[in-house]
Amino acid sequence: MLGESGIKPVRRFRTDSYNSSIAACIEDLEPTGNRSMVYDMLDRLFITLGPVPVDSFLIAASAKAGIDNLERLRHGIPADAHDCLLSHLSDHISKRFKLTGGGMHISAACASSTIALAQGASLIELGRADSILICCFDIVTEFVFSGFCALQAMSPVPCMPFDRNRKGMNIGEGAAALLLMNSEKAKKEDRAPIGALLGWAVSNDATHITAPAMDGSGLILAIRKALKKSKLPEDAISAICAHGTGTVYNDLMELVSFKDVFRERKMPVFSVKGAIGHTMGAAGGIEAALCLKGIANGVVPPTAGFGSPEKGAEGLVSNEPAMIDGDYMLSTNSGFGGVNAAVIIGKGIRS
Amino acid sequence: MSAFITGIGWITVGGAGMGRNADPFELSEGSLPKITGKKTDNDKAFRRFGRLDRYSKLGVRAIAYALRDAGLDAWKEKRDIGIIVSTVFGCIATDIDYYNTVMMKNGLLADPNLFTYTLPNSFLGHASSIFGLTGINFVINDKTNSGISALRSALDCISLVECDTMLAGICDVERPPDFPIAGNPAPGSIFVMIEKDLERQTRPYGRLSVDNSGNVFFNESEIKDISACVRRCLDAKT
C-alpha cells in the first residue's frame, strides 16, 4: 500500500547478457535437494493457509513452474525432471493436504490462475464440487527472464504500468491459494466468506500469439461475458485490477478495452506489477486475493512506478491508494496465445 | 448435459486423418510422421507454419482436420468456438531446444521465436488466429493422455453457456529421448468438435454427455479415453 517496489537486481543468475537485470525475487528462495524452488515457495504459502477440507477438488495453475529443474539438469546438476511436468506439482499439493476430491492443473500463460478461478467457480455452479482449492505459483528463472529479454519486452528499470514513459515489464515470483466453497459448504465448515466470485469469462483475441489485439476485442469480449454472468450492470463495478504489465502494447490495449466497456466513467484502475513484478501464471490468483482485501477494506493499492499517465489513464490510475465506494471489482489478465480472462469479485454471497 | 460430436481430426503414429474420410485410426507408440503445412485446402492458414515448434504443428494440424471434418474450417467472421487440450509432456521438447540456445553464449543467443512456443497453450492461440476462434481456451496438464478431462471440461463450458461449440483433444509429441522422465504416452494429437445444437446441415457422429459425477459417455455408453470415443464415432458412422 506504500507504493514501494520489490523489483531489485537479480542475484539468482547472471544477467550481464541481457537488456535488464532486475526482477521481483523472493530473497532466500532455494531448491531443496533435487526439487524445484517451487516447493520452498509452496511450503511457505501453506503455513498461513489453514485447514483445507479433504474432499476439496484441487485446481493448480502456473505457466512455467518447475522449469528451474530443467535448467539444473542441462547444467549437469542433479534435479528431479518430473518437476518440469506441471501435473507433478499438482500431485504434491494434493498429497500435502491429503485431498480426495481429485484435481487438475491448468496452464494458459499469464491468465492461468484467472482461468483456474473461473473453472473452480464453474464446477461449483455445476454441482460437481462443494469446495475447490485454487493454488497458483510461478518463479523467476533464467529460462523465462532470457526469453522476455529476447523478445525485447523487459524493462531495465522497475516497470511503470500505464505511464507514458513505460519501458516494458519485469517478471516476479509468487504464489496464492484461494479456497472456493458454495454457501452450504461454507456454513457446514463454519467458514466466514471473505468475498464472492460472481462472474467469470475467458476469450481469445484470435489475432496473434504474442501481441494483443490492439482494438481490445478479446478483452472486451471477456469483460462483457463476465458482467453478463454476474448479472451486474457496468456501473456496479467500483474498481479494476488491471493486468497492467507495463509493456507499451498491453497497457494501451487495456485502456482501449476499459473505455469501450465503461465509457467515460472514472474509477480506480490499478496494477500491482510495479510492486511485485509480473508473477506470470500466478498473477490472476494473487490479484484476486488482493481484490478481496480491497473490497473488504474499501481501498485499492497504488500503482507503483506510475507517474505520468498514458493517454486514457488520466483520472483512473494513481500512485496513491484509492478509496472505493462499492461492492464489486473487476480483475483481468491477458497472455501469450491471445488469451484473456476476467473475473468479477464481490463483497459477499448473493442468493 | 449432452452435445453432438460433429468433427474428428487426428495425427498419430498411424498417420493423419479425418472421420468422414474413413481414414484408418490408431493411437499407438512409435514415431509421428513428418508434420507439414502443405496439402491443405486452405494454404493461407498455414503460411507461417514453418515457424512453429513440432508440438504446436501437431496440435494445429489436428485442430485443422477436426474443423474441416465438421465443415467449419472456412470463415469470414470470428467465431465463439473454444479449445481445451490435455497434454502430458506439453512443450517440454521445445523447452529443451530453447534452453539450449540460452546456454550457448550466456543468453546472448536466446531464440525469441522458440521462446514463444515454450508455453503449452501457444498453439491454441495460433489455431485461434488462423481459424478465427474467440472462445475459451486452456491446457490441462494431465498424468495420462486419456483426454477425458478435456472432453469433460468442454462439455461443462457448453453446459454453462460459455461457448456453444468447443474443440477438445489431446496433444503430445514423443518423449524427449535424453530427458529422464517416466511415462511414454502414445504420441499424437486428436481433436473432436463438440456442438450444442445442430443448426447446420452436418450429420453428427453421435451424442457426447457427462453425468453429475463427471463421467463421460458417447451415445450413453461410458468412455474412458478420447481414442475410444473416436473409435465409437467411426463405428457409429459405418
# chains A, B, ... in the order shown; residues from 1 in each chain; ligands from 1
>>> select_by_dssp(residues="stretch 8-195 of chain B", states="helix (DSSP H, G or I)", output="PyMOL selection string")
chain B and resi 19-21+43-46+49-51+54-69+92-104+112-116+122-131+148-159
>>> residues_around(residues="B:Glu29", least_positions_apart="5", cutoff="8 Å", atoms="only C-alpha atoms", output="compact mmCIF listing (two decimals) with C-alpha atoms, in the first residue's frame")
# COMPACT_ATOMS: atom_id res chain seq x y z
CA VAL B 13 1.84 -42.71 -35.42
CA PRO B 185 2.15 -41.72 -23.66
CA ALA B 186 1.40 -42.68 -27.24
CA PRO B 187 2.35 -39.57 -29.21
>>> interface_residues(of="chain A", to="chain B", cutoff="6 Å", atoms="only C-alpha atoms", output="PyMOL selection string")
chain A and resi 17+81-82+87+105-108+147+150-151+202-207+209+337-338
>>> residues_around(residues="B:Leu151", least_positions_apart="3", cutoff="9 Å", atoms="only C-alpha atoms", output="PDB file with all heavy atoms, in the first residue's frame")
ATOM      1  N   ILE B  84     -10.049 -26.805 -25.667  1.00  0.00           N
ATOM      2  CA  ILE B  84      -9.408 -27.318 -24.447  1.00  0.00           C
ATOM      3  C   ILE B  84      -8.594 -28.545 -24.828  1.00  0.00           C
ATOM      4  O   ILE B  84      -9.100 -29.449 -25.502  1.00  0.00           O
ATOM      5  CB  ILE B  84     -10.456 -27.669 -23.372  1.00  0.00           C
ATOM      6  CG1 ILE B  84     -11.255 -26.411 -22.994  1.00  0.00           C
ATOM      7  CG2 ILE B  84      -9.771 -28.250 -22.132  1.00  0.00           C
ATOM      8  CD1 ILE B  84     -12.382 -26.648 -22.014  1.00  0.00           C
ATOM      9  N   VAL B  85      -7.343 -28.551 -24.416  1.00  0.00           N
ATOM     10  CA  VAL B  85      -6.468 -29.674 -24.769  1.00  0.00           C
ATOM     11  C   VAL B  85      -5.824 -30.250 -23.513  1.00  0.00           C
ATOM     12  O   VAL B  85      -5.481 -29.511 -22.587  1.00  0.00           O
ATOM     13  CB  VAL B  85      -5.397 -29.243 -25.800  1.00  0.00           C
ATOM     14  CG1 VAL B  85      -4.454 -28.196 -25.225  1.00  0.00           C
ATOM     15  CG2 VAL B  85      -4.603 -30.440 -26.307  1.00  0.00           C
ATOM     16  N   GLY B 147      -7.399 -37.891 -22.204  1.00  0.00           N
ATOM     17  CA  GLY B 147      -8.169 -36.794 -22.791  1.00  0.00           C
ATOM     18  C   GLY B 147      -9.556 -36.618 -22.206  1.00  0.00           C
ATOM     19  O   GLY B 147     -10.308 -35.729 -22.620  1.00  0.00           O
ATOM     20  N   ILE B 148      -9.915 -37.441 -21.232  1.00  0.00           N
ATOM     21  CA  ILE B 148     -11.255 -37.343 -20.641  1.00  0.00           C
ATOM     22  C   ILE B 148     -11.461 -35.986 -19.976  1.00  0.00           C
ATOM     23  O   ILE B 148     -12.538 -35.397 -20.037  1.00  0.00           O
ATOM     24  CB  ILE B 148     -11.483 -38.508 -19.631  1.00  0.00           C
ATOM     25  CG1 ILE B 148     -11.742 -39.798 -20.401  1.00  0.00           C
ATOM     26  CG2 ILE B 148     -12.631 -38.206 -18.670  1.00  0.00           C
ATOM     27  CD1 ILE B 148     -13.051 -39.821 -21.199  1.00  0.00           C
ATOM     28  N   ALA B 154     -14.890 -29.419 -21.744  1.00  0.00           N
ATOM     29  CA  ALA B 154     -15.558 -28.822 -22.911  1.00  0.00           C
ATOM     30  C   ALA B 154     -17.072 -28.923 -22.753  1.00  0.00           C
ATOM     31  O   ALA B 154     -17.803 -27.960 -23.036  1.00  0.00           O
ATOM     32  CB  ALA B 154     -15.104 -29.525 -24.184  1.00  0.00           C
ATOM     33  N   LEU B 155     -17.546 -30.061 -22.297  1.00  0.00           N
ATOM     34  CA  LEU B 155     -18.993 -30.217 -22.067  1.00  0.00           C
ATOM     35  C   LEU B 155     -19.469 -29.260 -20.970  1.00  0.00           C
ATOM     36  O   LEU B 155     -20.561 -28.692 -21.057  1.00  0.00           O
ATOM     37  CB  LEU B 155     -19.319 -31.665 -21.691  1.00  0.00           C
ATOM     38  CG  LEU B 155     -19.287 -32.669 -22.851  1.00  0.00           C
ATOM     39  CD1 LEU B 155     -19.263 -34.103 -22.331  1.00  0.00           C
ATOM     40  CD2 LEU B 155     -20.480 -32.477 -23.776  1.00  0.00           C
ATOM     41  N   ASP B 156     -18.642 -29.087 -19.943  1.00  0.00           N
ATOM     42  CA  ASP B 156     -19.002 -28.145 -18.862  1.00  0.00           C
ATOM     43  C   ASP B 156     -19.134 -26.729 -19.409  1.00  0.00           C
ATOM     44  O   ASP B 156     -20.040 -25.990 -19.018  1.00  0.00           O
ATOM     45  CB  ASP B 156     -17.938 -28.171 -17.758  1.00  0.00           C
ATOM     46  CG  ASP B 156     -17.978 -29.458 -16.933  1.00  0.00           C
ATOM     47  OD1 ASP B 156     -18.954 -30.232 -17.088  1.00  0.00           O
ATOM     48  OD2 ASP B 156     -17.040 -29.684 -16.149  1.00  0.00           O
ATOM     49  N   LEU B 167     -13.794 -27.337 -29.237  1.00  0.00           N
ATOM     50  CA  LEU B 167     -12.868 -28.371 -29.677  1.00  0.00           C
ATOM     51  C   LEU B 167     -12.220 -28.937 -28.420  1.00  0.00           C
ATOM     52  O   LEU B 167     -11.787 -28.174 -27.548  1.00  0.00           O
ATOM     53  CB  LEU B 167     -11.789 -27.784 -30.578  1.00  0.00           C
ATOM     54  CG  LEU B 167     -12.190 -27.475 -32.019  1.00  0.00           C
ATOM     55  CD1 LEU B 167     -11.362 -26.320 -32.553  1.00  0.00           C
ATOM     56  CD2 LEU B 167     -12.016 -28.717 -32.885  1.00  0.00           C
ATOM     57  N   ALA B 168     -12.155 -30.253 -28.306  1.00  0.00           N
ATOM     58  CA  ALA B 168     -11.490 -30.867 -27.157  1.00  0.00           C
ATOM     59  C   ALA B 168     -10.565 -31.949 -27.666  1.00  0.00           C
ATOM     60  O   ALA B 168     -10.910 -32.670 -28.620  1.00  0.00           O
ATOM     61  CB  ALA B 168     -12.513 -31.460 -26.202  1.00  0.00           C
ATOM     62  N   GLY B 169      -9.398 -32.065 -27.037  1.00  0.00           N
ATOM     63  CA  GLY B 169      -8.488 -33.078 -27.542  1.00  0.00           C
ATOM     64  C   GLY B 169      -7.259 -33.299 -26.700  1.00  0.00           C
ATOM     65  O   GLY B 169      -7.163 -32.834 -25.555  1.00  0.00           O
ATOM     66  N   VAL B 192     -11.778 -33.452 -31.228  1.00  0.00           N
ATOM     67  CA  VAL B 192     -13.172 -33.639 -31.667  1.00  0.00           C
ATOM     68  C   VAL B 192     -13.895 -32.307 -31.548  1.00  0.00           C
ATOM     69  O   VAL B 192     -13.612 -31.510 -30.659  1.00  0.00           O
ATOM     70  CB  VAL B 192     -13.921 -34.722 -30.847  1.00  0.00           C
ATOM     71  CG1 VAL B 192     -13.281 -36.077 -31.044  1.00  0.00           C
ATOM     72  CG2 VAL B 192     -13.992 -34.373 -29.373  1.00  0.00           C
ATOM     73  N   ILE B 194     -17.276 -30.422 -30.775  1.00  0.00           N
ATOM     74  CA  ILE B 194     -18.494 -30.692 -29.999  1.00  0.00           C
ATOM     75  C   ILE B 194     -19.432 -29.492 -30.147  1.00  0.00           C
ATOM     76  O   ILE B 194     -19.036 -28.359 -29.882  1.00  0.00           O
ATOM     77  CB  ILE B 194     -18.143 -30.909 -28.511  1.00  0.00           C
ATOM     78  CG1 ILE B 194     -17.054 -31.981 -28.367  1.00  0.00           C
ATOM     79  CG2 ILE B 194     -19.384 -31.324 -27.720  1.00  0.00           C
ATOM     80  CD1 ILE B 194     -16.442 -32.040 -26.968  1.00  0.00           C
ATOM     81  N   LEU B 208     -22.375 -36.829 -27.111  1.00  0.00           N
ATOM     82  CA  LEU B 208     -21.421 -36.902 -26.004  1.00  0.00           C
ATOM     83  C   LEU B 208     -22.090 -36.292 -24.775  1.00  0.00           C
ATOM     84  O   LEU B 208     -22.714 -35.233 -24.874  1.00  0.00           O
ATOM     85  CB  LEU B 208     -20.168 -36.112 -26.375  1.00  0.00           C
ATOM     86  CG  LEU B 208     -18.909 -36.307 -25.549  1.00  0.00           C
ATOM     87  CD1 LEU B 208     -18.341 -37.718 -25.729  1.00  0.00           C
ATOM     88  CD2 LEU B 208     -17.843 -35.284 -25.947  1.00  0.00           C
ATOM     89  N   VAL B 210     -22.091 -35.884 -20.143  1.00  0.00           N
ATOM     90  CA  VAL B 210     -21.375 -36.000 -18.871  1.00  0.00           C
ATOM     91  C   VAL B 210     -22.418 -36.078 -17.763  1.00  0.00           C
ATOM     92  O   VAL B 210     -23.436 -35.377 -17.808  1.00  0.00           O
ATOM     93  CB  VAL B 210     -20.397 -34.815 -18.677  1.00  0.00           C
ATOM     94  CG1 VAL B 210     -21.093 -33.472 -18.710  1.00  0.00           C
ATOM     95  CG2 VAL B 210     -19.588 -34.951 -17.405  1.00  0.00           C
ATOM     96  N   VAL B 216     -17.946 -39.479 -18.512  1.00  0.00           N
ATOM     97  CA  VAL B 216     -18.247 -39.041 -19.871  1.00  0.00           C
ATOM     98  C   VAL B 216     -18.788 -40.225 -20.686  1.00  0.00           C
ATOM     99  O   VAL B 216     -18.272 -41.345 -20.581  1.00  0.00           O
ATOM    100  CB  VAL B 216     -16.988 -38.437 -20.536  1.00  0.00           C
ATOM    101  CG1 VAL B 216     -17.277 -37.996 -21.969  1.00  0.00           C
ATOM    102  CG2 VAL B 216     -16.476 -37.244 -19.719  1.00  0.00           C
ATOM    103  N   ILE B 226     -10.228 -40.635 -25.063  1.00  0.00           N
ATOM    104  CA  ILE B 226     -10.678 -39.999 -26.305  1.00  0.00           C
ATOM    105  C   ILE B 226     -10.498 -40.924 -27.514  1.00  0.00           C
ATOM    106  O   ILE B 226     -11.273 -40.856 -28.472  1.00  0.00           O
ATOM    107  CB  ILE B 226      -9.958 -38.642 -26.524  1.00  0.00           C
ATOM    108  CG1 ILE B 226     -10.654 -37.818 -27.609  1.00  0.00           C
ATOM    109  CG2 ILE B 226      -8.484 -38.826 -26.825  1.00  0.00           C
ATOM    110  CD1 ILE B 226     -10.203 -36.376 -27.693  1.00  0.00           C
TER     111      ILE B 226
END
>>> residues_around(residues="B:Pro204", least_positions_apart="4", cutoff="7 Å", atoms="only C-alpha atoms", output="list in words")
Phe4, Ile5 and Thr6 of chain B
>>> write_last_selection(atoms="C-alpha atoms", output="PDB file, in the first residue's frame")
ATOM      1  CA  PHE B   4     -23.061 -33.604 -30.544  1.00  0.00           C
ATOM      2  CA  ILE B   5     -19.716 -34.660 -31.982  1.00  0.00           C
ATOM      3  CA  THR B   6     -19.612 -33.230 -35.494  1.00  0.00           C
TER       4      THR B   6
END
>>> select_by_dssp(residues="stretch 93-229 of chain B", states="strand (DSSP E)", output="number ranges by chain")
B: 137-141, 165-172, 188-195, 206-210, 216-218, 221-222
>>> residues_around(residues="B:Ala70", least_positions_apart="2", cutoff="12 Å", atoms="only C-alpha atoms", output="VMD selection string")
chain B and resid 4 to 9 18 to 21 63 to 68 72 to 74 165 to 167 191 to 195 198 200 to 205
>>> write_last_selection(atoms="N, CA and C atoms", output="mmCIF file, in the first residue's frame")
data_model
loop_
_atom_site.group_PDB
_atom_site.id
_atom_site.type_symbol
_atom_site.label_atom_id
_atom_site.label_comp_id
_atom_site.auth_asym_id
_atom_site.auth_seq_id
_atom_site.Cartn_x
_atom_site.Cartn_y
_atom_site.Cartn_z
ATOM 1 N N PHE B 4 -23.341 -32.725 -29.415
ATOM 2 C CA PHE B 4 -23.061 -33.604 -30.544
ATOM 3 C C PHE B 4 -21.593 -33.529 -30.981
ATOM 4 N N ILE B 5 -21.040 -34.668 -31.336
ATOM 5 C CA ILE B 5 -19.716 -34.660 -31.982
ATOM 6 C C ILE B 5 -19.946 -34.537 -33.483
ATOM 7 N N THR B 6 -19.368 -33.487 -34.066
ATOM 8 C CA THR B 6 -19.612 -33.230 -35.494
ATOM 9 C C THR B 6 -18.337 -33.248 -36.340
ATOM 10 N N GLY B 7 -17.196 -33.396 -35.700
ATOM 11 C CA GLY B 7 -15.962 -33.443 -36.476
ATOM 12 C C GLY B 7 -14.865 -34.139 -35.697
ATOM 13 N N ILE B 8 -14.002 -34.850 -36.410
ATOM 14 C CA ILE B 8 -12.876 -35.537 -35.768
ATOM 15 C C ILE B 8 -11.642 -35.374 -36.650
ATOM 16 N N GLY B 9 -10.518 -35.009 -36.030
ATOM 17 C CA GLY B 9 -9.264 -34.923 -36.766
ATOM 18 C C GLY B 9 -8.131 -35.445 -35.924
ATOM 19 N N MET B 18 -9.207 -37.802 -40.923
ATOM 20 C CA MET B 18 -10.467 -37.155 -40.547
ATOM 21 C C MET B 18 -11.552 -38.224 -40.547
ATOM 22 N N GLY B 19 -12.539 -38.031 -39.678
ATOM 23 C CA GLY B 19 -13.578 -39.040 -39.521
ATOM 24 C C GLY B 19 -14.321 -39.366 -40.805
ATOM 25 N N ARG B 20 -14.729 -38.346 -41.540
ATOM 26 C CA ARG B 20 -15.571 -38.580 -42.716
ATOM 27 C C ARG B 20 -14.792 -39.118 -43.912
ATOM 28 N N ASN B 21 -13.470 -39.100 -43.828
ATOM 29 C CA ASN B 21 -12.652 -39.644 -44.924
ATOM 30 C C ASN B 21 -12.469 -41.151 -44.806
ATOM 31 N N ILE B 63 -6.282 -29.868 -35.061
ATOM 32 C CA ILE B 63 -7.420 -28.942 -34.956
ATOM 33 C C ILE B 63 -7.961 -28.614 -36.355
ATOM 34 N N ALA B 64 -7.037 -28.378 -37.293
ATOM 35 C CA ALA B 64 -7.453 -28.052 -38.666
ATOM 36 C C ALA B 64 -8.271 -29.195 -39.265
ATOM 37 N N TYR B 65 -7.826 -30.415 -39.037
ATOM 38 C CA TYR B 65 -8.566 -31.576 -39.564
ATOM 39 C C TYR B 65 -9.944 -31.689 -38.918
ATOM 40 N N ALA B 66 -10.019 -31.464 -37.612
ATOM 41 C CA ALA B 66 -11.322 -31.569 -36.930
ATOM 42 C C ALA B 66 -12.290 -30.495 -37.432
ATOM 43 N N LEU B 67 -11.769 -29.282 -37.628
ATOM 44 C CA LEU B 67 -12.613 -28.201 -38.145
ATOM 45 C C LEU B 67 -13.101 -28.527 -39.554
ATOM 46 N N ARG B 68 -12.183 -29.046 -40.384
ATOM 47 C CA ARG B 68 -12.571 -29.362 -41.763
ATOM 48 C C ARG B 68 -13.591 -30.509 -41.786
ATOM 49 N N LEU B 72 -16.228 -26.600 -40.662
ATOM 50 C CA LEU B 72 -16.099 -25.284 -40.010
ATOM 51 C C LEU B 72 -14.729 -24.640 -40.238
ATOM 52 N N ASP B 73 -13.970 -25.141 -41.217
ATOM 53 C CA ASP B 73 -12.628 -24.577 -41.420
ATOM 54 C C ASP B 73 -12.666 -23.228 -42.124
ATOM 55 N N ALA B 74 -13.618 -23.029 -43.031
ATOM 56 C CA ALA B 74 -13.705 -21.743 -43.729
ATOM 57 C C ALA B 74 -14.443 -20.733 -42.852
ATOM 58 N N THR B 165 -19.920 -24.111 -28.984
ATOM 59 C CA THR B 165 -19.130 -25.016 -29.813
ATOM 60 C C THR B 165 -17.709 -25.099 -29.254
ATOM 61 N N MET B 166 -17.224 -26.308 -29.071
ATOM 62 C CA MET B 166 -15.905 -26.495 -28.450
ATOM 63 C C MET B 166 -15.105 -27.542 -29.221
ATOM 64 N N LEU B 167 -13.794 -27.337 -29.237
ATOM 65 C CA LEU B 167 -12.868 -28.371 -29.677
ATOM 66 C C LEU B 167 -12.220 -28.937 -28.420
ATOM 67 N N PHE B 191 -8.413 -34.300 -31.992
ATOM 68 C CA PHE B 191 -9.408 -33.300 -31.572
ATOM 69 C C PHE B 191 -10.791 -33.701 -32.077
ATOM 70 N N VAL B 192 -11.778 -33.452 -31.228
ATOM 71 C CA VAL B 192 -13.172 -33.639 -31.667
ATOM 72 C C VAL B 192 -13.895 -32.307 -31.548
ATOM 73 N N MET B 193 -14.794 -32.073 -32.488
ATOM 74 C CA MET B 193 -15.622 -30.875 -32.471
ATOM 75 C C MET B 193 -16.935 -31.208 -31.781
ATOM 76 N N ILE B 194 -17.276 -30.422 -30.775
ATOM 77 C CA ILE B 194 -18.494 -30.692 -29.999
ATOM 78 C C ILE B 194 -19.432 -29.492 -30.147
ATOM 79 N N GLU B 195 -20.658 -29.755 -30.569
ATOM 80 C CA GLU B 195 -21.617 -28.666 -30.772
ATOM 81 C C GLU B 195 -22.881 -28.916 -29.963
ATOM 82 N N LEU B 198 -27.629 -28.583 -33.439
ATOM 83 C CA LEU B 198 -27.354 -28.965 -34.828
ATOM 84 C C LEU B 198 -28.124 -28.035 -35.755
ATOM 85 N N ARG B 200 -26.660 -26.575 -38.299
ATOM 86 C CA ARG B 200 -26.097 -26.709 -39.644
ATOM 87 C C ARG B 200 -26.484 -28.065 -40.237
ATOM 88 N N GLN B 201 -26.249 -28.179 -41.551
ATOM 89 C CA GLN B 201 -26.583 -29.439 -42.234
ATOM 90 C C GLN B 201 -25.431 -30.432 -42.046
ATOM 91 N N THR B 202 -25.087 -30.698 -40.820
ATOM 92 C CA THR B 202 -23.988 -31.626 -40.565
ATOM 93 C C THR B 202 -24.510 -32.837 -39.813
ATOM 94 N N ARG B 203 -24.190 -33.989 -40.334
ATOM 95 C CA ARG B 203 -24.651 -35.205 -39.665
ATOM 96 C C ARG B 203 -23.676 -35.515 -38.529
ATOM 97 N N PRO B 204 -24.157 -35.583 -37.291
ATOM 98 C CA PRO B 204 -23.240 -35.831 -36.173
ATOM 99 C C PRO B 204 -22.819 -37.296 -36.097
ATOM 100 N N TYR B 205 -21.702 -37.508 -35.430
ATOM 101 C CA TYR B 205 -21.258 -38.888 -35.189
ATOM 102 C C TYR B 205 -22.060 -39.523 -34.050
#
>>> closest_atom_pairs(of="stretch 263-346 of chain A", to="stretch 120-128 of chain A", cutoff="12 Å", atoms="only C-alpha atoms", output="tab-separated table")
residue	atom	partner	partner_atom	distance
A:Gly285	CA	A:Gly120	CA	11.9
A:Val343	CA	A:Ala121	CA	10.2
A:Ile344	CA	A:Ala121	CA	11.4
A:Ile345	CA	A:Ala121	CA	11.5
>>> write_last_selection(atoms="C-alpha atoms", output="PDB file, in the first residue's frame")
ATOM      1  CA  GLY A 285      -4.759 -15.627  -8.285  1.00  0.00           C
ATOM      2  CA  VAL A 343     -13.423 -12.256 -13.032  1.00  0.00           C
ATOM      3  CA  ILE A 344     -15.842 -10.154 -11.009  1.00  0.00           C
ATOM      4  CA  ILE A 345     -15.350 -10.300  -7.289  1.00  0.00           C
TER       5      ILE A 345
END
>>> residues_around(residues="B:Ser31", least_positions_apart="5", cutoff="12 Å", atoms="only C-alpha atoms", output="CSV table (one decimal) with all heavy atoms, in the first residue's frame")
chain,number,residue,atom,x,y,z
B,11,ILE,N,-3.6,-36.7,-35.9
B,11,ILE,CA,-2.3,-37.1,-36.4
B,11,ILE,C,-1.7,-38.0,-35.3
B,11,ILE,O,-1.5,-37.6,-34.2
B,11,ILE,CB,-1.4,-35.9,-36.7
B,11,ILE,CG1,-1.9,-35.0,-37.7
B,11,ILE,CG2,0.0,-36.5,-37.1
B,11,ILE,CD1,-1.0,-33.8,-38.0
B,12,THR,N,-1.5,-39.2,-35.7
B,12,THR,CA,-0.9,-40.2,-34.8
B,12,THR,C,0.2,-40.9,-35.5
B,12,THR,O,0.5,-40.6,-36.7
B,12,THR,CB,-2.0,-41.2,-34.3
B,12,THR,OG1,-2.4,-42.0,-35.4
B,12,THR,CG2,-3.2,-40.5,-33.6
B,13,VAL,N,0.8,-41.9,-34.8
B,13,VAL,CA,1.8,-42.7,-35.4
B,13,VAL,C,1.3,-43.4,-36.7
B,13,VAL,O,2.0,-43.5,-37.7
B,13,VAL,CB,2.3,-43.8,-34.4
B,13,VAL,CG1,3.2,-44.8,-35.1
B,13,VAL,CG2,3.1,-43.1,-33.3
B,14,GLY,N,0.0,-43.7,-36.7
B,14,GLY,CA,-0.6,-44.3,-37.9
B,14,GLY,C,-0.8,-43.4,-39.0
B,14,GLY,O,-1.2,-43.8,-40.1
B,15,GLY,N,-0.7,-42.1,-38.8
B,15,GLY,CA,-0.9,-41.1,-39.9
B,15,GLY,C,-1.9,-40.1,-39.5
B,15,GLY,O,-2.4,-40.0,-38.4
B,172,ASP,N,0.5,-34.6,-27.7
B,172,ASP,CA,1.8,-34.9,-27.2
B,172,ASP,C,2.7,-35.4,-28.3
B,172,ASP,O,2.3,-36.2,-29.1
B,172,ASP,CB,1.7,-36.0,-26.1
B,172,ASP,CG,1.6,-35.5,-24.7
B,172,ASP,OD1,2.5,-34.8,-24.2
B,172,ASP,OD2,0.5,-35.7,-24.1
B,173,VAL,N,3.9,-34.8,-28.3
B,173,VAL,CA,4.9,-35.4,-29.2
B,173,VAL,C,5.7,-36.5,-28.4
B,173,VAL,O,5.4,-36.7,-27.3
B,173,VAL,CB,5.9,-34.3,-29.7
B,173,VAL,CG1,5.2,-33.3,-30.6
B,173,VAL,CG2,6.6,-33.6,-28.6
B,174,GLU,N,6.6,-37.1,-29.0
B,174,GLU,CA,7.3,-38.2,-28.4
B,174,GLU,C,8.1,-37.7,-27.2
B,174,GLU,O,8.5,-36.5,-27.1
B,174,GLU,CB,8.3,-38.9,-29.3
B,174,GLU,CG,7.7,-39.5,-30.6
B,174,GLU,CD,7.6,-38.5,-31.7
B,174,GLU,OE1,7.8,-37.2,-31.5
B,174,GLU,OE2,7.4,-38.9,-32.9
B,175,ARG,N,8.3,-38.5,-26.2
B,175,ARG,CA,9.1,-38.1,-25.0
B,175,ARG,C,10.5,-37.8,-25.5
B,175,ARG,O,11.1,-38.5,-26.2
B,175,ARG,CB,9.2,-39.3,-24.0
B,175,ARG,CG,9.9,-39.0,-22.7
B,175,ARG,CD,9.7,-40.1,-21.7
B,175,ARG,NE,10.3,-41.4,-22.1
B,175,ARG,CZ,11.5,-41.7,-21.9
B,175,ARG,NH1,12.4,-40.9,-21.3
B,175,ARG,NH2,12.0,-42.9,-22.3
B,176,PRO,N,11.1,-36.6,-25.0
B,176,PRO,CA,12.4,-36.3,-25.3
B,176,PRO,C,13.4,-37.4,-25.0
B,176,PRO,O,13.4,-37.9,-23.8
B,176,PRO,CB,12.7,-35.0,-24.5
B,176,PRO,CG,11.4,-34.5,-24.2
B,176,PRO,CD,10.5,-35.7,-24.0
B,177,PRO,N,14.2,-37.9,-25.9
B,177,PRO,CA,15.0,-39.1,-25.7
B,177,PRO,C,16.0,-39.0,-24.6
B,177,PRO,O,16.3,-39.9,-23.9
B,177,PRO,CB,15.6,-39.4,-27.0
B,177,PRO,CG,15.6,-38.1,-27.8
B,177,PRO,CD,14.4,-37.4,-27.3
B,184,ASN,N,5.4,-42.7,-21.1
B,184,ASN,CA,5.6,-42.6,-22.5
B,184,ASN,C,4.3,-42.7,-23.2
B,184,ASN,O,4.0,-43.7,-23.8
B,184,ASN,CB,6.6,-43.7,-23.0
B,184,ASN,CG,7.2,-43.4,-24.3
B,184,ASN,OD1,7.1,-42.2,-24.7
B,184,ASN,ND2,7.9,-44.3,-24.9
B,185,PRO,N,3.5,-41.6,-23.0
B,185,PRO,CA,2.2,-41.7,-23.7
B,185,PRO,C,2.3,-41.8,-25.2
B,185,PRO,O,3.2,-41.3,-25.8
B,185,PRO,CB,1.5,-40.4,-23.3
B,185,PRO,CG,2.7,-39.5,-23.0
B,185,PRO,CD,3.7,-40.3,-22.4
B,186,ALA,N,1.4,-42.6,-25.8
B,186,ALA,CA,1.4,-42.7,-27.2
B,186,ALA,C,1.4,-41.3,-27.8
B,186,ALA,O,0.5,-40.5,-27.5
B,186,ALA,CB,0.2,-43.5,-27.7
B,187,PRO,N,2.3,-40.9,-28.7
B,187,PRO,CA,2.4,-39.6,-29.2
B,187,PRO,C,1.2,-39.4,-30.2
B,187,PRO,O,0.8,-40.3,-30.9
B,187,PRO,CB,3.7,-39.5,-29.9
B,187,PRO,CG,4.1,-40.9,-30.2
B,187,PRO,CD,3.5,-41.7,-29.2
B,188,GLY,N,0.8,-38.1,-30.4
B,188,GLY,CA,-0.2,-37.8,-31.3
B,188,GLY,C,-1.2,-36.7,-30.8
B,188,GLY,O,-1.1,-36.3,-29.7
>>> atom_distance(atom1="atom CA of B:Ala228", atom2="atom CA of B:Ser28")
12.5 Å
>>> closest_residue(among="B:Pro24, B:Met1, B:Ala93, B:Ala16", to="B:Asp235", atoms="only C-alpha atoms")
B:Pro24
>>> closest_residue(among="A:Arg96, A:Asp68, A:Leu133, A:Glu4", to="A:Phe306", atoms="only C-alpha atoms")
A:Glu4
